[in-house]
Amino acid sequence: MNTDLIIATIVSPVVLFFILGLVAALLRSQMTIPEAFAKGLAIYLMMSIGLKGGVAMSQSELTLELGLVMLAAGTLSFLLPVIAFAALRLTTGLGRIDAAATAAHYGSISIVTFVAATQALTFVGLTSDGYLVAAAALMETPAIISALIIVGMKRRTTGEASAASTGTEAQDRGELFREVLLNASIVVLVGALAIGWITGERGIAAVAPFFVAPFQGVLCLFLLDMGLAAGKGLRRGWRELKPGTLAFAIYMPLISASIATGVCALLGLSAGNAALLITLAASASYIAVPAAMRLALPEARPSIYLTLSLGVTFPFNITLGIPLYIMLGQWVGA
Amino acid sequence: MNTDLIIATIVSPVVLFFILGLVAALLRSQMTIPEAFAKGLAIYLMMSIGLKGGVAMSQSELTLELGLVMLAAGTLSFLLPVIAFAALRLTTGLGRIDAAATAAHYGSISIVTFVAATQALTFVGLTSDGYLVAAAALMETPAIISALIIVGMKRRTTGEASAASTGTEAQDRGELFREVLLNASIVVLVGALAIGWITGERGIAAVAPFFVAPFQGVLCLFLLDMGLAAGKGLRRGWRELKPGTLAFAIYMPLISASIATGVCALLGLSAGNAALLITLAASASYIAVPAAMRLALPEARPSIYLTLSLGVTFPFNITLGIPLYIMLGQWVGA
Amino acid sequence: MNTDLIIATIVSPVVLFFILGLVAALLRSQMTIPEAFAKGLAIYLMMSIGLKGGVAMSQSELTLELGLVMLAAGTLSFLLPVIAFAALRLTTGLGRIDAAATAAHYGSISIVTFVAATQALTFVGLTSDGYLVAAAALMETPAIISALIIVGMKRRTTGEASAASTGTEAQDRGELFREVLLNASIVVLVGALAIGWITGERGIAAVAPFFVAPFQGVLCLFLLDMGLAAGKGLRRGWRELKPGTLAFAIYMPLISASIATGVCALLGLSAGNAALLITLAASASYIAVPAAMRLALPEARPSIYLTLSLGVTFPFNITLGIPLYIMLGQWVGA
Amino acid sequence: METRKRLEIIIESMAQRRACTILEEVGVTGYTVFYALAGYGRGQRWSRDTDISDASDMVMIVSISDEATINSACERLMKLLSRQMGVLSVSDVAVMRPEQF
Amino acid sequence: METRKRLEIIIESMAQRRACTILEEVGVTGYTVFYALAGYGRGQRWSRDTDISDASDMVMIVSISDEATINSACERLMKLLSRQMGVLSVSDVAVMRPEQF
Amino acid sequence: METRKRLEIIIESMAQRRACTILEEVGVTGYTVFYALAGYGRGQRWSRDTDISDASDMVMIVSISDEATINSACERLMKLLSRQMGVLSVSDVAVMRPEQF
Ligand SMILES: Nc1ncnc2c1ncn2[C@@H]1O[C@H](COP(=O)(O)O)[C@@H](O)[C@H]1O
Ligand SMILES: Nc1ncnc2c1ncn2[C@@H]1O[C@H](COP(=O)(O)O)[C@@H](O)[C@H]1O
Ligand SMILES: Nc1ncnc2c1ncn2[C@@H]1O[C@H](COP(=O)(O)O)[C@@H](O)[C@H]1O
Ligand code: NA
Ligand code: NA
Ligand code: NA
């Protein structure tokens, strides 16, 4: 076991600020970071991630590897919810709709977890390719569609009316489509990626003092806010969720990581790229997917999926998960 | 034609982020940047512009040129609305009040357009003087007064009661006065200009890592927001405004630019200074003037003047307009 | 008299932006900085102050001096309200509760005043120790408890029911406790201090481009907002408060500074450390204590204590007060 | 002054667009949306500033209109509210320019 | 509980100060202003987060007061609203401490 | 539609938690909190954007419930409001799903 890596990951300012927020919330401090400010920071972070990824992509060839990784990423996002759904149905008492909605979160990704892993890579001297950002953006959505298919199939077999079929169906579909494909994280991430790719190193030199240098500091501030949110979720979660359900939020990332490790082996990815793809697979969404679920599966209870993904999986990932995923990456990496 | 300059202008991150926002809004993405965050950024941008202008001014003599440019700037702001009003009345079906309110926008200025032009100047290796920032601040207001006079004269001749004459007139006048002369952009721009001028290069060294280096990056974020707003305005505008009215938003900047080019020739300005003064004349307000119009001419419809200035003129200016104004500046510049 | 220091203090961008805000508010400009943005900046500032203090602490030994300064700081915060209370009762017509609530503000501290003093120290070439940040955090709270004891004693002697004893007392007490000990400034300041201390110079290197370099610039923006708030308070204050009450806001900081000067002499502090401890004693709270007073002593009128601490004492301190406190520090400093 | 109805819908913000579309379709002359800061329902508190996802945010939509329009809005909104979180209530208000609603 | 009137004005934010001054002049004991996030009127939607200018922002002003005061407020507010965008409505409310209003 | 009561409390934000706790204790099924932007009372204006401390911020809490619950809430809230700044009012509203409240 690489305890140095675990310590380096946890004792970084970014993770420590997360823990600070978490502890403050658990102690029931009433401090908050205004939503408008936190949302602004989130947009900044995605612009920065996208730009840097785009510039990195502009400097390397578009190889077959890239195409294969994209394919693998999309497939992971699409298929992991199936496993998550089965696990939830087998090991917890969650109903079909709650299980499907939760499963969608685990197929999709957390961009902050991705970024934290990118930082942690530097502790062990690994590098990664810019196109992983594109893979991250790509993995946001298929999981949502997958969950809807799961629910739809079950509905058809039981003869129920689909949730979306009441009301003005076509309109709702259009709205859902826009929410799922044109939500802020995808627009900004993909847009910034394209801009970074178009303008290249020279183009973003002028904006680097804003988008590159202060990035880690902004991340600290953002993670303080996430710590507050996670702590609140956790406090609520202990009371409401059964241990079996909470356990899912720990073992599901490990299942996803294992599967992704296999995929990386097949693709022959480098250690750094593998570590990031494994992290993406193991991470769970807490912004884009919850919003989409309120539109597509409003009967599912947000307190379940939010507590699990933000209150349990996210803290687990950015402390113990990432070192583990990096070790898996090193182990499988070409 | 200098196509390199056009390409360099459009393919800069700042403009590309604007286009990203524009496209997202046209595709009806529901992403938003919280108003509180965007307003905070706007204040940052004005502080930065003012400070840099003030420092530049502190390093040069207060010459006669400066005085003449200020006079010319104020006069342009005051007289361009007359031309705009006449053009709108002749070529569109807009009523007097709508036409006057719209005209005020085209006499006043857009500070973001100004900044974008400043950046673009560097592509062609031109420099400009700090006092142009003062000229920008000065041009915000006269256009508003001009529009009120236009409406007032017409009213007197038709014997109508002036809008401001109902209610507690004196109070309203005081409020309008404060809104017009002490609005955020003027207070911050002029204040920061004075502070930069007082403290000079040495004084702002300590704040440069915040106000100078990250400026272009913040501008990207702000222009993403403006793109979203412009896209929304444009979508609405196509449906509501007649082609003739929309055309005004393109040809009026060109008229203003031509007149300003003549003025620059008379004053014998340098190419860089000329380019910026031409840009100021050609730009249209979308923050300060709309607010003042809601106070002074509430009968005018905001959907008209906002769609024109933010939805059409602004996008035109920061893509095709600026390269053109720079070329005019180069052509006329001493 | 060191007029150079006074001029250097006042002619810094930070103070000039404060004055800009103050003047704008006094001229009744309607400009505002959105609350959400200003609160975000406040959190940034406290993170930065805490981190830098923590790193500084990690580089020096934990000496006896540190312990003694902490003890002295806590005692000052606890006892100054007693003097302030007596002064208010003797020289103004304020009732017991208003006087106690106001007194609490003067025992507690203003972190922005502290930071401004830290900057001004550099003008005279003095340095200070990181643990002063810990002293600042420590001084936030005892003054509040002190004020509650003052009111409680008076109440007991007059046989009144305590404000807190109506309603669900235990709950209210818990809430007050959390507000007083776990409010945002204490959580962030102490948390960031700990994080800086744990990670040390090397740890915060990655976040320095965000938390160190732009700090002074952000402070300018924040002080513009504080100027607007102070100007508004001042405008209201002139009308409502008697000259005697307003005078308190000037002479009380001087009393506190004198006492703190004596304490510094006893402790044999360095000139820089002494200047900061004196500044802390002389500064008055305008964020944490007002909030706590609305919970603990809701009968006290906020218009009194806010006008005094934010409208009078704060402007006095950051212009004339700080140069004076630095001179006191130099005079008493070992 | 004449009497009109004031419809107040407190609904999760993700369903705001759906509710607004219904109001527009039944033909109200206008509505205004406000955002909620925090709330409580089914034993659970939520708060905009600490919940990082938009999923638990609520908004309030207020619309003043004539009784018939409000009634047809209510019917369709109740269907929406059977799936989305929120509450709906209607009260009487006096208005000065009845032709406006 | 006694009955009082609750005045609710939804008005463009640029006219907020004018409306508030009227309320103060007619002598209400208090009012509170809330800001609107989005809205719809005359076939047009607006939204605070996407409209970069303040020109289309709306606020809601609520004031609880006795009938006579509210009536005189309404009269003057209607004049204001004949030029500025917005709607006004009045409803009955029960209050516990009538002397407060 | 059946009739219920709509309780509206405008209270300083520092006392929000206390008011909410009372509502939960008397057993309302839900409430929603909105934040105020500015206001006026006892001759003084305040505004969220220019007051740097939270001490003068106000919020509005809206709760729809049956009469008995609202009455017991009012009693306890009046005690709170005797010390904290704010106003309270109750109005009649029609609801479509009375079992929800
Ligand atoms: N009937 C209404 N109910 C609630 N809000 C309204 C109503 N009519 C108009 N509004 C608000 O007032 C704004 C301007 O409306 P209008 O003056 O009709 O353009 C709208 O965008 C809404 O925010
Ligand atoms: N009659 C009222 N109607 C609406 N809001 C009020 C009223 N009275 C007071 N308020 C609000 O409560 C705050 C405190 O009022 P007061 O307790 O009178 O100082 C005011 O600033 C307003 O925001
Ligand atoms: N009776 C009520 N009065 C006011 N707001 C309510 C009420 N019930 C629910 N809400 C709001 O609707 C949200 C969702 O409620 P629920 O659907 O009961 O979980 C709550 O968090 C409140 O913000
Ligand atoms: Na995943
Ligand atoms: Na112009
Ligand atoms: Na003090």
# chains A, B, ... in the order shown; residues from 1 in each chain; ligands from 1

$ residues_around --residues "Pro98 of chain F" --least-positions-apart "6" --cutoff "8 Å" --atoms "only C-alpha atoms" --output "list in words"
Met1, Glu2, Thr3 and Arg4 of chain F

$ residues_near_ligand --ligand "ligand 4" --cutoff "9 Å" --atoms "only C-alpha atoms and all ligand atoms" --output "VMD selection string"
chain A and resid 76 to 77 80 to 81 104 to 110 139 to 140 143 253 256 to 257 278 to 285

$ write_last_selection --atoms "N, CA, C and O atoms" --output "compact mmCIF listing (two decimals), in the first residue's frame"
# COMPACT_ATOMS: atom_id res chain seq x y z
N LEU A 76 -19.05 2.74 -20.64
CA LEU A 76 -19.05 2.61 -19.18
C LEU A 76 -20.22 3.39 -18.58
O LEU A 76 -20.96 2.87 -17.74
N SER A 77 -20.35 4.64 -19.01
CA SER A 77 -21.42 5.47 -18.47
C SER A 77 -22.78 4.84 -18.71
O SER A 77 -23.68 4.91 -17.88
N LEU A 80 -22.69 1.00 -16.57
CA LEU A 80 -22.56 0.95 -15.11
C LEU A 80 -23.91 1.10 -14.39
O LEU A 80 -24.15 0.44 -13.38
N PRO A 81 -24.83 1.96 -14.87
CA PRO A 81 -26.12 2.05 -14.20
C PRO A 81 -26.87 0.72 -14.13
O PRO A 81 -27.63 0.49 -13.19
N ALA A 104 -28.33 6.07 -12.11
CA ALA A 104 -27.89 7.06 -13.11
C ALA A 104 -26.72 7.88 -12.58
O ALA A 104 -25.79 8.21 -13.31
N HIS A 105 -26.78 8.21 -11.28
CA HIS A 105 -25.72 9.02 -10.70
C HIS A 105 -24.37 8.32 -10.75
O HIS A 105 -23.33 8.97 -10.91
N TYR A 106 -24.39 7.00 -10.60
CA TYR A 106 -23.13 6.27 -10.53
C TYR A 106 -22.55 5.95 -11.90
O TYR A 106 -21.38 5.63 -12.04
N GLY A 107 -23.38 6.05 -12.93
CA GLY A 107 -22.84 5.92 -14.27
C GLY A 107 -22.22 7.24 -14.73
O GLY A 107 -21.21 7.26 -15.44
N SER A 108 -22.81 8.31 -14.28
CA SER A 108 -22.30 9.64 -14.65
C SER A 108 -21.09 9.98 -13.78
O SER A 108 -20.57 9.12 -13.05
N ILE A 109 -20.62 11.21 -13.85
CA ILE A 109 -19.33 11.51 -13.23
C ILE A 109 -19.37 12.77 -12.36
O ILE A 109 -20.29 13.56 -12.42
N SER A 110 -18.31 12.93 -11.58
CA SER A 110 -18.11 14.14 -10.78
C SER A 110 -16.84 14.81 -11.29
O SER A 110 -15.75 14.27 -11.18
N MET A 139 -19.13 11.35 -20.54
CA MET A 139 -19.72 10.40 -19.60
C MET A 139 -20.87 10.98 -18.78
O MET A 139 -21.55 10.25 -18.06
N GLU A 140 -21.11 12.28 -18.90
CA GLU A 140 -22.18 12.88 -18.09
C GLU A 140 -23.55 12.30 -18.42
O GLU A 140 -24.36 12.04 -17.54
N ALA A 143 -25.48 7.76 -18.90
CA ALA A 143 -26.05 7.13 -17.71
C ALA A 143 -27.50 7.54 -17.48
O ALA A 143 -28.32 6.74 -17.02
N PRO A 253 -18.58 2.43 -6.14
CA PRO A 253 -17.38 3.01 -6.78
C PRO A 253 -16.29 1.96 -6.97
O PRO A 253 -15.57 1.99 -7.98
N SER A 256 -17.25 -0.14 -9.97
CA SER A 256 -17.01 0.62 -11.19
C SER A 256 -15.52 0.71 -11.48
O SER A 256 -15.08 0.58 -12.64
N ALA A 257 -14.73 0.95 -10.43
CA ALA A 257 -13.28 1.07 -10.61
C ALA A 257 -12.70 -0.23 -11.15
O ALA A 257 -11.84 -0.22 -12.04
N ILE A 278 -10.43 5.42 -14.56
CA ILE A 278 -10.96 4.65 -13.42
C ILE A 278 -11.67 5.60 -12.46
O ILE A 278 -12.77 5.30 -11.96
N THR A 279 -11.06 6.75 -12.20
CA THR A 279 -11.69 7.72 -11.29
C THR A 279 -13.03 8.19 -11.83
O THR A 279 -14.02 8.29 -11.08
N LEU A 280 -13.08 8.47 -13.12
CA LEU A 280 -14.35 8.89 -13.72
C LEU A 280 -15.42 7.83 -13.52
O LEU A 280 -16.55 8.13 -13.13
N ALA A 281 -15.07 6.61 -13.79
CA ALA A 281 -16.03 5.52 -13.64
C ALA A 281 -16.50 5.42 -12.20
O ALA A 281 -17.69 5.23 -11.90
N ALA A 282 -15.58 5.60 -11.26
CA ALA A 282 -15.90 5.42 -9.84
C ALA A 282 -16.63 6.61 -9.25
O ALA A 282 -17.24 6.50 -8.18
N SER A 283 -16.55 7.76 -9.91
CA SER A 283 -17.17 8.96 -9.34
C SER A 283 -18.67 8.98 -9.65
O SER A 283 -19.14 8.31 -10.56
N ALA A 284 -19.39 9.74 -8.84
CA ALA A 284 -20.84 9.83 -9.04
C ALA A 284 -21.26 11.29 -9.15
O ALA A 284 -20.72 12.15 -8.47
N SER A 285 -22.25 11.55 -9.97
CA SER A 285 -22.73 12.92 -10.22
C SER A 285 -23.54 13.44 -9.04
O SER A 285 -24.22 12.68 -8.35

$ closest_residue --among "D:Leu88, D:Ala73, D:Val62, D:Val28" --to "ligand 3" --atoms "only C-alpha atoms and all ligand atoms"
D:Leu88

$ residues_around --residues "Gly200 of chain C" --least-positions-apart "6" --cutoff "9 Å" --atoms "only C-alpha atoms" --output "list in words"
Leu51, Gly54, Val55, Ala56, Met57, Ser58 and Gln59 of chain C

$ residues_around --residues "segment 51-57 of chain E" --least-positions-apart "6" --cutoff "8 Å" --atoms "only C-alpha atoms" --output "ChimeraX atom specification"
/B:35,225-226,229,286-288,290-291,294,302 /E:12-14,36-38

$ residues_around --residues "Leu80 of chain D" --least-positions-apart "3" --cutoff "10 Å" --atoms "only C-alpha atoms" --output "ChimeraX atom specification"
/A:166-167 /D:11,15,18-19,22,74-77,83-86

$ residues_around --residues "segment 319-321 of chain B" --least-positions-apart "3" --cutoff "9 Å" --atoms "only C-alpha atoms" --output "PyMOL selection string"
chain B and resi 6-7+9-10+15+253-254+279+282+313-316+324-326

$ write_last_selection --atoms "N, CA and C atoms" --output "PDB file, in the first residue's frame"
ATOM      1  N   ILE B   6      -9.262  40.426 -38.603  1.00  0.00           N
ATOM      2  CA  ILE B   6     -10.609  39.917 -38.323  1.00  0.00           C
ATOM      3  C   ILE B   6     -10.514  38.549 -37.673  1.00  0.00           C
ATOM      4  N   ILE B   7      -9.676  37.701 -38.243  1.00  0.00           N
ATOM      5  CA  ILE B   7      -9.555  36.354 -37.688  1.00  0.00           C
ATOM      6  C   ILE B   7      -8.987  36.407 -36.278  1.00  0.00           C
ATOM      7  N   THR B   9      -9.213  38.748 -34.175  1.00  0.00           N
ATOM      8  CA  THR B   9     -10.230  39.269 -33.254  1.00  0.00           C
ATOM      9  C   THR B   9     -11.220  38.177 -32.881  1.00  0.00           C
ATOM     10  N   ILE B  10     -11.706  37.474 -33.885  1.00  0.00           N
ATOM     11  CA  ILE B  10     -12.761  36.497 -33.622  1.00  0.00           C
ATOM     12  C   ILE B  10     -12.219  35.255 -32.937  1.00  0.00           C
ATOM     13  N   VAL B  15     -13.786  36.428 -27.475  1.00  0.00           N
ATOM     14  CA  VAL B  15     -14.886  36.410 -28.438  1.00  0.00           C
ATOM     15  C   VAL B  15     -15.463  35.007 -28.576  1.00  0.00           C
ATOM     16  N   PRO B 253     -24.080  51.905 -36.060  1.00  0.00           N
ATOM     17  CA  PRO B 253     -22.677  51.908 -35.637  1.00  0.00           C
ATOM     18  C   PRO B 253     -21.751  52.365 -36.751  1.00  0.00           C
ATOM     19  N   LEU B 254     -22.099  52.017 -37.994  1.00  0.00           N
ATOM     20  CA  LEU B 254     -21.244  52.416 -39.104  1.00  0.00           C
ATOM     21  C   LEU B 254     -21.318  53.924 -39.334  1.00  0.00           C
ATOM     22  N   THR B 279     -14.445  53.326 -31.910  1.00  0.00           N
ATOM     23  CA  THR B 279     -15.168  52.211 -31.295  1.00  0.00           C
ATOM     24  C   THR B 279     -16.182  52.719 -30.284  1.00  0.00           C
ATOM     25  N   ALA B 282     -19.151  54.044 -31.983  1.00  0.00           N
ATOM     26  CA  ALA B 282     -19.936  53.004 -32.663  1.00  0.00           C
ATOM     27  C   ALA B 282     -20.621  52.051 -31.688  1.00  0.00           C
ATOM     28  N   THR B 313     -26.198  44.907 -32.098  1.00  0.00           N
ATOM     29  CA  THR B 313     -25.026  45.762 -32.229  1.00  0.00           C
ATOM     30  C   THR B 313     -23.807  45.210 -31.499  1.00  0.00           C
ATOM     31  N   PHE B 314     -23.995  44.750 -30.284  1.00  0.00           N
ATOM     32  CA  PHE B 314     -22.846  44.257 -29.530  1.00  0.00           C
ATOM     33  C   PHE B 314     -22.157  43.083 -30.229  1.00  0.00           C
ATOM     34  N   PRO B 315     -22.898  42.039 -30.612  1.00  0.00           N
ATOM     35  CA  PRO B 315     -22.251  40.928 -31.335  1.00  0.00           C
ATOM     36  C   PRO B 315     -21.564  41.397 -32.625  1.00  0.00           C
ATOM     37  N   PHE B 316     -22.232  42.282 -33.350  1.00  0.00           N
ATOM     38  CA  PHE B 316     -21.632  42.812 -34.582  1.00  0.00           C
ATOM     39  C   PHE B 316     -20.309  43.508 -34.261  1.00  0.00           C
ATOM     40  N   LEU B 324     -12.886  46.550 -38.181  1.00  0.00           N
ATOM     41  CA  LEU B 324     -13.179  47.664 -39.077  1.00  0.00           C
ATOM     42  C   LEU B 324     -12.771  48.995 -38.434  1.00  0.00           C
ATOM     43  N   TYR B 325     -13.143  49.191 -37.156  1.00  0.00           N
ATOM     44  CA  TYR B 325     -12.834  50.465 -36.498  1.00  0.00           C
ATOM     45  C   TYR B 325     -11.320  50.640 -36.358  1.00  0.00           C
ATOM     46  N   ILE B 326     -10.626  49.531 -36.145  1.00  0.00           N
ATOM     47  CA  ILE B 326      -9.169  49.631 -36.061  1.00  0.00           C
ATOM     48  C   ILE B 326      -8.600  50.034 -37.418  1.00  0.00           C
TER      49      ILE B 326
END
